Amino acid sequence: MLILDVAFYAFLVVVIIQVIYLIFFFGKFAFLKEEKISTKSIPVSVIVCAKNEAENLKIFLPSIINQDYSDFQIVLINDASYDNTFEVMEAFALQHENIKLVNVVNNEAFWANKKYALTLGIKAAKHNHLLFTDADCKPVSKHWISEMSSHFSDKKSIVLGYGSYTKIKKSFLNKLIRYETFLTAVQYFSFAKLGMPYMGVGRNLAYTKEAFFNANGFMSHMYIRSGDDDLFINQIATAENTEICFSSESFTQSTPKTTFKEWLFQKRRHITTANHYKTKHKVFLALFYISNILFWVLAIGLLIPLFKWEFVICLFLIRNIAQFIVYNQASKKLKEKDLLIYIPVLELFLIAFQLSIFINNLISKPKHWK
């Protein structure tokens, strides 16, 4: 019984850790009231880096072109595509004078490196305030630029936004992708409000040109092919210079992967990049994920032999109720409320998925930017 006693007290500690994360960390965002900020009409350069995205540009670029904003430039970067991406960009540029084209040819020193292409695009941008998204993304409203840019100020040079994924009915994979995206957003929004910003997503991210060049751009992690968004934010974000934007009109929406193989490939790259975060961020994130795994392992391990089952069930419910309350509030903000009833199942699948990615990454390194 000694092993079960140890497991029980370990479970108690794990539940306490989980509740602290949920209430005191994630609750910082979940219970945050949205502040109405007056719209500022500052000049903005929207930057889109595309590699073999001809069809996506045709579909999604009009939603950027048609933004209801007085002064914005669109910088389209063709990152050495081998389809007709650049021709599509040229066709749009002929019709809209606020489009600037940057055609990138592979450089021997930075072969197939998205950060090199983005750097050239940032240099070509004529405005100091930069707003980033991907070629397969569309803003959900015509006020995307105004909502994101309104959070810039003399002190705030970084704005973190939410990049959602299109909902696909009767698709478990789609729910899993959206749940992982939702959970990640809750984390980086919460940590930003706690004064510890650690990442952003390139699907919806803004920062100033000045901040980029003051930090020497991507040079400190240019050798890491991914991480043009999260690693850069991890490098330069502070409590003083970072703001979040979560109004529903500020969201972007992307086309999700449709097979587990494609999503596995994508997430392997993301998790590999996270290994290069600052130590304090890795510790906080690792503690949450490890406690999350142990919560389920210990709960199941204690309930099978019915060891102190009344207390185990009570602790299990306390954590899950806390999770439901916090995620319910956060899901209202991020318009993901339909995921709530599936969260226990999605959480278990995500844990298994992340463990498989960790093992795969130990065996072989993932490939990168297309």
# chains A, B, ... in the order shown; residues from 1 in each chain; ligands from 1
$ select_by_dssp --residues "stretch 51-147 of chain A" --states "strand (DSSP E or B)" --output "PyMOL selection string"
chain A and resi 72-79+99-104+129-134+137-139
$ closest_atom_pairs --of "stretch 280-324 of chain A" --to "stretch 19-39 of chain A" --cutoff "8 Å" --atoms "only C-alpha atoms" --output "JSON lines"
{"residue": "A:Phe288", "atom": "CA", "partner": "A:Tyr21", "partner_atom": "CA", "distance": 7.2}
{"residue": "A:Arg319", "atom": "CA", "partner": "A:Val19", "partner_atom": "CA", "distance": 5.9}
{"residue": "A:Ala322", "atom": "CA", "partner": "A:Val19", "partner_atom": "CA", "distance": 6.6}
{"residue": "A:Gln323", "atom": "CA", "partner": "A:Leu22", "partner_atom": "CA", "distance": 6.2}
$ write_last_selection --atoms "N, CA and C atoms" --output "PDB file, in the first residue's frame"
ATOM      1  N   PHE A 288       3.285  22.756 -16.115  1.00  0.00           N
ATOM      2  CA  PHE A 288       1.852  22.595 -16.413  1.00  0.00           C
ATOM      3  C   PHE A 288       1.601  21.294 -17.169  1.00  0.00           C
ATOM      4  N   ARG A 319     -10.580  19.764  -9.562  1.00  0.00           N
ATOM      5  CA  ARG A 319      -9.743  20.227 -10.686  1.00  0.00           C
ATOM      6  C   ARG A 319     -10.568  20.427 -11.938  1.00  0.00           C
ATOM      7  N   ALA A 322     -12.829  23.488 -11.760  1.00  0.00           N
ATOM      8  CA  ALA A 322     -12.013  24.696 -11.938  1.00  0.00           C
ATOM      9  C   ALA A 322     -11.663  24.889 -13.404  1.00  0.00           C
ATOM     10  N   GLN A 323     -11.311  23.793 -14.065  1.00  0.00           N
ATOM     11  CA  GLN A 323     -10.980  23.851 -15.489  1.00  0.00           C
ATOM     12  C   GLN A 323     -12.191  24.306 -16.305  1.00  0.00           C
TER      13      GLN A 323
END
$ atom_distance --atom1 "atom CA of A:Ala330" --atom2 "atom CA of A:Ile271"
23.4 Å
$ atom_distance --atom1 "atom CA of A:Asn52" --atom2 "atom CA of A:Ser81"
4.9 Å
$ residues_around --residues "stretch 59-65 of chain A" --least-positions-apart "5" --cutoff "9 Å" --atoms "only C-alpha atoms" --output "list in words"
Val46, Ile74, Phe92, His96, Asn98, Ile99, Ala135, Asp136, Cys137, Lys138, Pro139, Val140, Ser141, Lys142, Trp144 and Ile145 of chain A
$ residues_around --residues "A:Leu315" --least-positions-apart "2" --cutoff "12 Å" --atoms "only C-alpha atoms" --output "ChimeraX atom specification"
/A:8-19,295-296,298-299,302-303,308-313,317-322
$ write_last_selection --atoms "N, CA and C atoms" --output "short mmCIF file (atom, residue, chain, number, x, y, z; two decimals), in the first residue's frame"
data_model
loop_
_atom_site.label_atom_id
_atom_site.label_comp_id
_atom_site.auth_asym_id
_atom_site.auth_seq_id
_atom_site.Cartn_x
_atom_site.Cartn_y
_atom_site.Cartn_z
N PHE A 8 -1.18 8.70 -3.97
CA PHE A 8 -2.30 9.55 -3.54
C PHE A 8 -1.81 10.95 -3.19
N TYR A 9 -0.74 11.02 -2.39
CA TYR A 9 -0.24 12.34 -2.00
C TYR A 9 0.37 13.10 -3.19
N ALA A 10 0.93 12.33 -4.12
CA ALA A 10 1.43 12.95 -5.36
C ALA A 10 0.25 13.53 -6.15
N PHE A 11 -0.86 12.78 -6.17
CA PHE A 11 -2.06 13.24 -6.86
C PHE A 11 -2.59 14.52 -6.22
N LEU A 12 -2.56 14.58 -4.90
CA LEU A 12 -3.01 15.78 -4.18
C LEU A 12 -2.17 16.99 -4.59
N VAL A 13 -0.85 16.81 -4.65
CA VAL A 13 0.05 17.90 -5.04
C VAL A 13 -0.22 18.33 -6.48
N VAL A 14 -0.41 17.34 -7.36
CA VAL A 14 -0.67 17.62 -8.77
C VAL A 14 -1.97 18.42 -8.93
N VAL A 15 -3.01 18.05 -8.20
CA VAL A 15 -4.28 18.77 -8.28
C VAL A 15 -4.10 20.22 -7.81
N ILE A 16 -3.34 20.43 -6.75
CA ILE A 16 -3.08 21.79 -6.26
C ILE A 16 -2.36 22.60 -7.34
N ILE A 17 -1.35 22.00 -7.97
CA ILE A 17 -0.61 22.69 -9.04
C ILE A 17 -1.53 23.04 -10.19
N GLN A 18 -2.36 22.10 -10.61
CA GLN A 18 -3.28 22.33 -11.71
C GLN A 18 -4.28 23.44 -11.39
N VAL A 19 -4.82 23.44 -10.18
CA VAL A 19 -5.80 24.46 -9.80
C VAL A 19 -5.13 25.84 -9.74
N PHE A 295 -1.88 14.15 -13.63
CA PHE A 295 -3.25 14.21 -13.12
C PHE A 295 -4.06 13.02 -13.62
N TRP A 296 -3.99 12.76 -14.91
CA TRP A 296 -4.77 11.66 -15.49
C TRP A 296 -4.17 10.30 -15.14
N LEU A 298 -2.31 9.41 -12.50
CA LEU A 298 -2.51 9.09 -11.09
C LEU A 298 -3.99 8.87 -10.76
N ALA A 299 -4.87 9.67 -11.37
CA ALA A 299 -6.31 9.50 -11.12
C ALA A 299 -6.76 8.11 -11.54
N LEU A 302 -5.20 5.34 -9.32
CA LEU A 302 -5.77 5.22 -7.98
C LEU A 302 -7.21 4.71 -8.02
N LEU A 303 -7.93 5.04 -9.07
CA LEU A 303 -9.34 4.61 -9.14
C LEU A 303 -9.50 3.15 -9.52
N LYS A 308 -8.79 4.92 -1.68
CA LYS A 308 -9.33 6.20 -1.18
C LYS A 308 -10.15 6.89 -2.28
N TRP A 309 -11.01 6.10 -2.89
CA TRP A 309 -11.71 6.56 -4.08
C TRP A 309 -12.59 7.78 -3.84
N GLU A 310 -13.14 7.90 -2.60
CA GLU A 310 -13.98 9.07 -2.33
C GLU A 310 -13.18 10.36 -2.44
N PHE A 311 -11.95 10.34 -1.86
CA PHE A 311 -11.10 11.52 -1.90
C PHE A 311 -10.57 11.79 -3.31
N VAL A 312 -10.24 10.69 -4.01
CA VAL A 312 -9.72 10.81 -5.37
C VAL A 312 -10.76 11.45 -6.29
N ILE A 313 -12.00 10.97 -6.17
CA ILE A 313 -13.08 11.54 -7.00
C ILE A 313 -13.32 13.00 -6.62
N LEU A 317 -12.88 16.02 -9.25
CA LEU A 317 -13.96 16.96 -9.57
C LEU A 317 -13.55 18.40 -9.31
N ILE A 318 -12.80 18.64 -8.23
CA ILE A 318 -12.35 20.01 -7.93
C ILE A 318 -11.54 20.56 -9.09
N ARG A 319 -10.58 19.76 -9.56
CA ARG A 319 -9.74 20.23 -10.69
C ARG A 319 -10.57 20.43 -11.94
N ASN A 320 -11.44 19.47 -12.26
CA ASN A 320 -12.22 19.56 -13.50
C ASN A 320 -13.25 20.68 -13.46
N ILE A 321 -13.81 20.96 -12.30
CA ILE A 321 -14.75 22.06 -12.18
C ILE A 321 -14.01 23.39 -12.37
N ALA A 322 -12.83 23.49 -11.76
CA ALA A 322 -12.01 24.70 -11.94
C ALA A 322 -11.66 24.89 -13.40
#
$ residues_around --residues "stretch 194-197 of chain A" --least-positions-apart "6" --cutoff "12 Å" --atoms "only C-alpha atoms" --output "JSON list (two decimals) with N, CA and C atoms, in the first residue's frame"
[["chain", "number", "residue", "atom", "x", "y", "z"],
["A", 21, "TYR", "N", -2.58, 26.82, -11.57],
["A", 21, "TYR", "CA", -2.42, 27.26, -12.97],
["A", 21, "TYR", "C", -3.75, 27.74, -13.52],
["A", 24, "PHE", "N", -5.24, 30.98, -10.99],
["A", 24, "PHE", "CA", -4.39, 32.16, -10.80],
["A", 24, "PHE", "C", -3.58, 32.54, -12.04],
["A", 25, "PHE", "N", -3.31, 31.57, -12.91],
["A", 25, "PHE", "CA", -2.59, 31.88, -14.14],
["A", 25, "PHE", "C", -3.56, 32.12, -15.29],
["A", 26, "PHE", "N", -4.27, 31.08, -15.70],
["A", 26, "PHE", "CA", -5.15, 31.19, -16.85],
["A", 26, "PHE", "C", -6.36, 32.05, -16.56],
["A", 27, "GLY", "N", -6.74, 32.12, -15.30],
["A", 27, "GLY", "CA", -7.84, 32.99, -14.92],
["A", 27, "GLY", "C", -7.54, 34.45, -15.15],
["A", 28, "LYS", "N", -6.25, 34.78, -15.22],
["A", 28, "LYS", "CA", -5.84, 36.16, -15.48],
["A", 28, "LYS", "C", -6.39, 36.65, -16.81],
["A", 29, "PHE", "N", -6.45, 35.75, -17.78],
["A", 29, "PHE", "CA", -7.06, 36.08, -19.08],
["A", 29, "PHE", "C", -8.55, 35.77, -19.09],
["A", 32, "LEU", "N", -10.61, 38.38, -17.48],
["A", 32, "LEU", "CA", -10.23, 39.74, -17.86],
["A", 32, "LEU", "C", -11.37, 40.41, -18.62],
["A", 158, "ILE", "N", 4.49, 45.70, -29.07],
["A", 158, "ILE", "CA", 4.11, 44.35, -29.48],
["A", 158, "ILE", "C", 2.64, 44.12, -29.15],
["A", 159, "VAL", "N", 1.89, 43.57, -30.11],
["A", 159, "VAL", "CA", 0.49, 43.23, -29.88],
["A", 159, "VAL", "C", 0.28, 41.77, -30.27],
["A", 160, "LEU", "N", -0.17, 40.96, -29.32],
["A", 160, "LEU", "CA", -0.43, 39.55, -29.56],
["A", 160, "LEU", "C", -1.91, 39.35, -29.89],
["A", 185, "ALA", "N", -3.45, 29.71, -26.88],
["A", 185, "ALA", "CA", -3.80, 31.13, -26.79],
["A", 185, "ALA", "C", -4.09, 31.54, -25.35],
["A", 186, "VAL", "N", -4.83, 30.70, -24.63],
["A", 186, "VAL", "CA", -5.12, 30.99, -23.22],
["A", 186, "VAL", "C", -3.81, 31.14, -22.46],
["A", 187, "GLN", "N", -2.84, 30.30, -22.77],
["A", 187, "GLN", "CA", -1.55, 30.35, -22.08],
["A", 187, "GLN", "C", -0.78, 31.62, -22.41],
["A", 188, "TYR", "N", -0.61, 31.92, -23.71],
["A", 188, "TYR", "CA", 0.22, 33.09, -24.00],
["A", 188, "TYR", "C", -0.47, 34.41, -23.68],
["A", 230, "ASP", "N", 7.17, 32.96, -32.55],
["A", 230, "ASP", "CA", 7.27, 32.73, -31.11],
["A", 230, "ASP", "C", 8.67, 32.97, -30.54],
["A", 231, "LEU", "N", 9.72, 32.55, -31.25],
["A", 231, "LEU", "CA", 11.07, 32.77, -30.74],
["A", 231, "LEU", "C", 11.43, 34.25, -30.70],
["A", 232, "PHE", "N", 10.99, 34.99, -31.71],
["A", 232, "PHE", "CA", 11.28, 36.42, -31.73],
["A", 232, "PHE", "C", 10.57, 37.14, -30.58],
["A", 233, "ILE", "N", 9.29, 36.80, -30.36],
["A", 233, "ILE", "CA", 8.56, 37.39, -29.25],
["A", 233, "ILE", "C", 9.17, 36.96, -27.93],
["A", 234, "ASN", "N", 9.58, 35.70, -27.82],
["A", 234, "ASN", "CA", 10.24, 35.22, -26.61],
["A", 234, "ASN", "C", 11.50, 36.01, -26.31],
["A", 235, "GLN", "N", 12.17, 36.46, -27.37],
["A", 235, "GLN", "CA", 13.42, 37.21, -27.23],
["A", 235, "GLN", "C", 13.18, 38.65, -26.76],
["A", 236, "ILE", "N", 12.17, 39.33, -27.33],
["A", 236, "ILE", "CA", 12.06, 40.78, -27.10],
["A", 236, "ILE", "C", 10.90, 41.21, -26.21],
["A", 237, "ALA", "N", 9.92, 40.33, -25.96],
["A", 237, "ALA", "CA", 8.72, 40.75, -25.22],
["A", 237, "ALA", "C", 9.01, 40.93, -23.73],
["A", 238, "THR", "N", 8.43, 41.98, -23.18],
["A", 238, "THR", "CA", 8.51, 42.25, -21.74],
["A", 238, "THR", "C", 7.13, 42.65, -21.24],
["A", 239, "ALA", "N", 7.02, 42.77, -19.93],
["A", 239, "ALA", "CA", 5.75, 43.21, -19.34],
["A", 239, "ALA", "C", 5.40, 44.62, -19.79],
["A", 240, "GLU", "N", 6.42, 45.43, -20.04],
["A", 240, "GLU", "CA", 6.21, 46.83, -20.38],
["A", 240, "GLU", "C", 5.84, 47.05, -21.85],
["A", 241, "ASN", "N", 6.39, 46.24, -22.77],
["A", 241, "ASN", "CA", 6.21, 46.54, -24.19],
["A", 241, "ASN", "C", 5.16, 45.69, -24.89],
["A", 242, "THR", "N", 4.47, 44.81, -24.17],
["A", 242, "THR", "CA", 3.56, 43.85, -24.80],
["A", 242, "THR", "C", 2.12, 44.05, -24.37],
["A", 243, "GLU", "N", 1.20, 43.99, -25.35],
["A", 243, "GLU", "CA", -0.23, 44.08, -25.09],
["A", 243, "GLU", "C", -0.92, 42.93, -25.84],
["A", 244, "ILE", "N", -2.12, 42.58, -25.39],
["A", 244, "ILE", "CA", -2.88, 41.54, -26.07],
["A", 244, "ILE", "C", -4.14, 42.14, -26.68],
["A", 277, "TYR", "N", 13.06, 28.44, -25.94],
["A", 277, "TYR", "CA", 12.50, 29.52, -25.13],
["A", 277, "TYR", "C", 13.43, 29.81, -23.94],
["A", 278, "LYS", "N", 13.20, 30.95, -23.31],
["A", 278, "LYS", "CA", 13.94, 31.26, -22.09],
["A", 278, "LYS", "C", 13.64, 30.22, -21.02],
["A", 280, "LYS", "N", 12.97, 30.26, -17.83],
["A", 280, "LYS", "CA", 11.82, 30.45, -16.93],
["A", 280, "LYS", "C", 10.51, 30.09, -17.62],
["A", 281, "HIS", "N", 10.42, 30.37, -18.91],
["A", 281, "HIS", "CA", 9.20, 30.03, -19.65],
["A", 281, "HIS", "C", 9.08, 28.52, -19.84],
["A", 282, "LYS", "N", 10.20, 27.88, -20.13],
["A", 282, "LYS", "CA", 10.19, 26.42, -20.29],
["A", 282, "LYS", "C", 9.79, 25.73, -18.99],
["A", 284, "PHE", "N", 7.86, 26.95, -16.47],
["A", 284, "PHE", "CA", 6.43, 27.14, -16.22],
["A", 284, "PHE", "C", 5.57, 26.28, -17.14],
["A", 285, "LEU", "N", 5.93, 26.22, -18.42],
["A", 285, "LEU", "CA", 5.16, 25.43, -19.37],
["A", 285, "LEU", "C", 5.31, 23.94, -19.10]]
$ residues_around --residues "A:Glu180" --least-positions-apart "5" --cutoff "10 Å" --atoms "only C-alpha atoms" --output "ChimeraX atom specification"
/A:174-175,185-186,346-347,350
$ write_last_selection --atoms "C-alpha atoms" --output "PDB file, in the first residue's frame"
ATOM      1  CA  ASN A 174     -10.608  19.648 -36.324  1.00  0.00           C
ATOM      2  CA  LYS A 175     -11.817  19.831 -32.717  1.00  0.00           C
ATOM      3  CA  ALA A 185      -3.796  31.131 -26.786  1.00  0.00           C
ATOM      4  CA  VAL A 186      -5.116  30.991 -23.225  1.00  0.00           C
ATOM      5  CA  LEU A 346      -9.653  16.216 -26.307  1.00  0.00           C
ATOM      6  CA  GLU A 347      -7.290  16.709 -23.372  1.00  0.00           C
ATOM      7  CA  LEU A 350      -3.728  15.875 -26.879  1.00  0.00           C
TER       8      LEU A 350
END
$ atom_distance --atom1 "atom CA of A:His143" --atom2 "atom CA of A:Gln253"
13.8 Å
$ decode --residues "stretch 230-272 of chain A" --atoms "N, CA and C atoms" --output "PDB file, in the first residue's frame"
ATOM      1  N   ASP A 230       7.168  32.955 -32.547  1.00  0.00           N
ATOM      2  CA  ASP A 230       7.272  32.728 -31.108  1.00  0.00           C
ATOM      3  C   ASP A 230       8.670  32.967 -30.542  1.00  0.00           C
ATOM      4  N   LEU A 231       9.718  32.551 -31.252  1.00  0.00           N
ATOM      5  CA  LEU A 231      11.074  32.772 -30.743  1.00  0.00           C
ATOM      6  C   LEU A 231      11.428  34.254 -30.704  1.00  0.00           C
ATOM      7  N   PHE A 232      10.987  34.994 -31.712  1.00  0.00           N
ATOM      8  CA  PHE A 232      11.279  36.425 -31.732  1.00  0.00           C
ATOM      9  C   PHE A 232      10.571  37.143 -30.583  1.00  0.00           C
ATOM     10  N   ILE A 233       9.295  36.795 -30.364  1.00  0.00           N
ATOM     11  CA  ILE A 233       8.556  37.386 -29.254  1.00  0.00           C
ATOM     12  C   ILE A 233       9.175  36.956 -27.929  1.00  0.00           C
ATOM     13  N   ASN A 234       9.583  35.696 -27.822  1.00  0.00           N
ATOM     14  CA  ASN A 234      10.240  35.220 -26.609  1.00  0.00           C
ATOM     15  C   ASN A 234      11.502  36.015 -26.310  1.00  0.00           C
ATOM     16  N   GLN A 235      12.169  36.461 -27.366  1.00  0.00           N
ATOM     17  CA  GLN A 235      13.415  37.215 -27.233  1.00  0.00           C
ATOM     18  C   GLN A 235      13.180  38.648 -26.758  1.00  0.00           C
ATOM     19  N   ILE A 236      12.166  39.329 -27.333  1.00  0.00           N
ATOM     20  CA  ILE A 236      12.063  40.778 -27.103  1.00  0.00           C
ATOM     21  C   ILE A 236      10.900  41.209 -26.207  1.00  0.00           C
ATOM     22  N   ALA A 237       9.921  40.331 -25.961  1.00  0.00           N
ATOM     23  CA  ALA A 237       8.720  40.747 -25.220  1.00  0.00           C
ATOM     24  C   ALA A 237       9.006  40.928 -23.733  1.00  0.00           C
ATOM     25  N   THR A 238       8.429  41.982 -23.178  1.00  0.00           N
ATOM     26  CA  THR A 238       8.510  42.249 -21.738  1.00  0.00           C
ATOM     27  C   THR A 238       7.128  42.653 -21.237  1.00  0.00           C
ATOM     28  N   ALA A 239       7.021  42.774 -19.927  1.00  0.00           N
ATOM     29  CA  ALA A 239       5.751  43.214 -19.344  1.00  0.00           C
ATOM     30  C   ALA A 239       5.399  44.623 -19.791  1.00  0.00           C
ATOM     31  N   GLU A 240       6.424  45.426 -20.044  1.00  0.00           N
ATOM     32  CA  GLU A 240       6.207  46.829 -20.381  1.00  0.00           C
ATOM     33  C   GLU A 240       5.843  47.052 -21.845  1.00  0.00           C
ATOM     34  N   ASN A 241       6.390  46.238 -22.768  1.00  0.00           N
ATOM     35  CA  ASN A 241       6.211  46.543 -24.194  1.00  0.00           C
ATOM     36  C   ASN A 241       5.158  45.685 -24.891  1.00  0.00           C
ATOM     37  N   THR A 242       4.467  44.814 -24.167  1.00  0.00           N
ATOM     38  CA  THR A 242       3.555  43.855 -24.801  1.00  0.00           C
ATOM     39  C   THR A 242       2.116  44.047 -24.369  1.00  0.00           C
ATOM     40  N   GLU A 243       1.195  43.992 -25.351  1.00  0.00           N
ATOM     41  CA  GLU A 243      -0.232  44.076 -25.091  1.00  0.00           C
ATOM     42  C   GLU A 243      -0.924  42.933 -25.836  1.00  0.00           C
ATOM     43  N   ILE A 244      -2.115  42.575 -25.387  1.00  0.00           N
ATOM     44  CA  ILE A 244      -2.882  41.537 -26.074  1.00  0.00           C
ATOM     45  C   ILE A 244      -4.139  42.144 -26.676  1.00  0.00           C
ATOM     46  N   CYS A 245      -4.629  41.520 -27.747  1.00  0.00           N
ATOM     47  CA  CYS A 245      -5.862  41.960 -28.397  1.00  0.00           C
ATOM     48  C   CYS A 245      -6.735  40.731 -28.630  1.00  0.00           C
ATOM     49  N   PHE A 246      -7.901  40.691 -28.005  1.00  0.00           N
ATOM     50  CA  PHE A 246      -8.759  39.514 -28.128  1.00  0.00           C
ATOM     51  C   PHE A 246     -10.206  39.874 -28.478  1.00  0.00           C
ATOM     52  N   SER A 247     -10.425  41.059 -29.011  1.00  0.00           N
ATOM     53  CA  SER A 247     -11.769  41.393 -29.487  1.00  0.00           C
ATOM     54  C   SER A 247     -12.101  40.482 -30.668  1.00  0.00           C
ATOM     55  N   SER A 248     -13.347  40.098 -30.791  1.00  0.00           N
ATOM     56  CA  SER A 248     -13.727  39.121 -31.821  1.00  0.00           C
ATOM     57  C   SER A 248     -13.447  39.618 -33.231  1.00  0.00           C
ATOM     58  N   GLU A 249     -13.433  40.937 -33.431  1.00  0.00           N
ATOM     59  CA  GLU A 249     -13.164  41.478 -34.764  1.00  0.00           C
ATOM     60  C   GLU A 249     -11.673  41.520 -35.096  1.00  0.00           C
ATOM     61  N   SER A 250     -10.842  41.158 -34.132  1.00  0.00           N
ATOM     62  CA  SER A 250      -9.400  41.172 -34.366  1.00  0.00           C
ATOM     63  C   SER A 250      -8.855  39.799 -34.751  1.00  0.00           C
ATOM     64  N   PHE A 251      -9.701  38.764 -34.756  1.00  0.00           N
ATOM     65  CA  PHE A 251      -9.232  37.406 -35.027  1.00  0.00           C
ATOM     66  C   PHE A 251      -8.895  37.215 -36.503  1.00  0.00           C
ATOM     67  N   THR A 252      -7.984  36.289 -36.753  1.00  0.00           N
ATOM     68  CA  THR A 252      -7.806  35.765 -38.103  1.00  0.00           C
ATOM     69  C   THR A 252      -8.250  34.310 -38.082  1.00  0.00           C
ATOM     70  N   GLN A 253      -8.528  33.786 -39.262  1.00  0.00           N
ATOM     71  CA  GLN A 253      -8.984  32.402 -39.365  1.00  0.00           C
ATOM     72  C   GLN A 253      -8.189  31.699 -40.455  1.00  0.00           C
ATOM     73  N   SER A 254      -7.675  30.513 -40.126  1.00  0.00           N
ATOM     74  CA  SER A 254      -6.846  29.763 -41.065  1.00  0.00           C
ATOM     75  C   SER A 254      -7.487  28.433 -41.422  1.00  0.00           C
ATOM     76  N   THR A 255      -7.020  27.864 -42.519  1.00  0.00           N
ATOM     77  CA  THR A 255      -7.472  26.539 -42.928  1.00  0.00           C
ATOM     78  C   THR A 255      -6.676  25.491 -42.156  1.00  0.00           C
ATOM     79  N   PRO A 256      -7.335  24.633 -41.384  1.00  0.00           N
ATOM     80  CA  PRO A 256      -6.595  23.650 -40.577  1.00  0.00           C
ATOM     81  C   PRO A 256      -6.139  22.451 -41.404  1.00  0.00           C
ATOM     82  N   LYS A 257      -5.209  21.712 -40.865  1.00  0.00           N
ATOM     83  CA  LYS A 257      -4.788  20.465 -41.485  1.00  0.00           C
ATOM     84  C   LYS A 257      -5.955  19.479 -41.459  1.00  0.00           C
ATOM     85  N   THR A 258      -5.970  18.579 -42.428  1.00  0.00           N
ATOM     86  CA  THR A 258      -7.097  17.641 -42.522  1.00  0.00           C
ATOM     87  C   THR A 258      -6.702  16.189 -42.265  1.00  0.00           C
ATOM     88  N   THR A 259      -5.405  15.945 -42.030  1.00  0.00           N
ATOM     89  CA  THR A 259      -4.956  14.593 -41.677  1.00  0.00           C
ATOM     90  C   THR A 259      -4.040  14.672 -40.457  1.00  0.00           C
ATOM     91  N   PHE A 260      -4.049  13.621 -39.664  1.00  0.00           N
ATOM     92  CA  PHE A 260      -3.201  13.573 -38.478  1.00  0.00           C
ATOM     93  C   PHE A 260      -1.727  13.648 -38.856  1.00  0.00           C
ATOM     94  N   LYS A 261      -1.363  13.087 -39.998  1.00  0.00           N
ATOM     95  CA  LYS A 261       0.029  13.101 -40.440  1.00  0.00           C
ATOM     96  C   LYS A 261       0.508  14.534 -40.687  1.00  0.00           C
ATOM     97  N   GLU A 262      -0.321  15.329 -41.363  1.00  0.00           N
ATOM     98  CA  GLU A 262       0.040  16.726 -41.642  1.00  0.00           C
ATOM     99  C   GLU A 262       0.152  17.530 -40.355  1.00  0.00           C
ATOM    100  N   TRP A 263      -0.787  17.306 -39.444  1.00  0.00           N
ATOM    101  CA  TRP A 263      -0.764  18.053 -38.186  1.00  0.00           C
ATOM    102  C   TRP A 263       0.417  17.639 -37.317  1.00  0.00           C
ATOM    103  N   LEU A 264       0.727  16.341 -37.315  1.00  0.00           N
ATOM    104  CA  LEU A 264       1.886  15.849 -36.575  1.00  0.00           C
ATOM    105  C   LEU A 264       3.158  16.533 -37.061  1.00  0.00           C
ATOM    106  N   PHE A 265       3.294  16.650 -38.375  1.00  0.00           N
ATOM    107  CA  PHE A 265       4.464  17.295 -38.970  1.00  0.00           C
ATOM    108  C   PHE A 265       4.563  18.746 -38.516  1.00  0.00           C
ATOM    109  N   GLN A 266       3.437  19.442 -38.524  1.00  0.00           N
ATOM    110  CA  GLN A 266       3.396  20.851 -38.120  1.00  0.00           C
ATOM    111  C   GLN A 266       3.737  21.021 -36.647  1.00  0.00           C
ATOM    112  N   LYS A 267       3.147  20.205 -35.773  1.00  0.00           N
ATOM    113  CA  LYS A 267       3.354  20.347 -34.339  1.00  0.00           C
ATOM    114  C   LYS A 267       4.755  19.923 -33.925  1.00  0.00           C
ATOM    115  N   ARG A 268       5.365  19.003 -34.652  1.00  0.00           N
ATOM    116  CA  ARG A 268       6.740  18.621 -34.337  1.00  0.00           C
ATOM    117  C   ARG A 268       7.672  19.815 -34.478  1.00  0.00           C
ATOM    118  N   ARG A 269       7.452  20.631 -35.493  1.00  0.00           N
ATOM    119  CA  ARG A 269       8.276  21.825 -35.682  1.00  0.00           C
ATOM    120  C   ARG A 269       8.065  22.815 -34.538  1.00  0.00           C
ATOM    121  N   HIS A 270       6.799  23.000 -34.161  1.00  0.00           N
ATOM    122  CA  HIS A 270       6.483  23.965 -33.116  1.00  0.00           C
ATOM    123  C   HIS A 270       7.097  23.571 -31.777  1.00  0.00           C
ATOM    124  N   ILE A 271       6.996  22.290 -31.429  1.00  0.00           N
ATOM    125  CA  ILE A 271       7.524  21.830 -30.149  1.00  0.00           C
ATOM    126  C   ILE A 271       9.044  21.904 -30.131  1.00  0.00           C
ATOM    127  N   THR A 272       9.680  21.626 -31.276  1.00  0.00           N
ATOM    128  CA  THR A 272      11.131  21.749 -31.364  1.00  0.00           C
ATOM    129  C   THR A 272      11.562  23.189 -31.107  1.00  0.00           C
TER     130      THR A 272
END
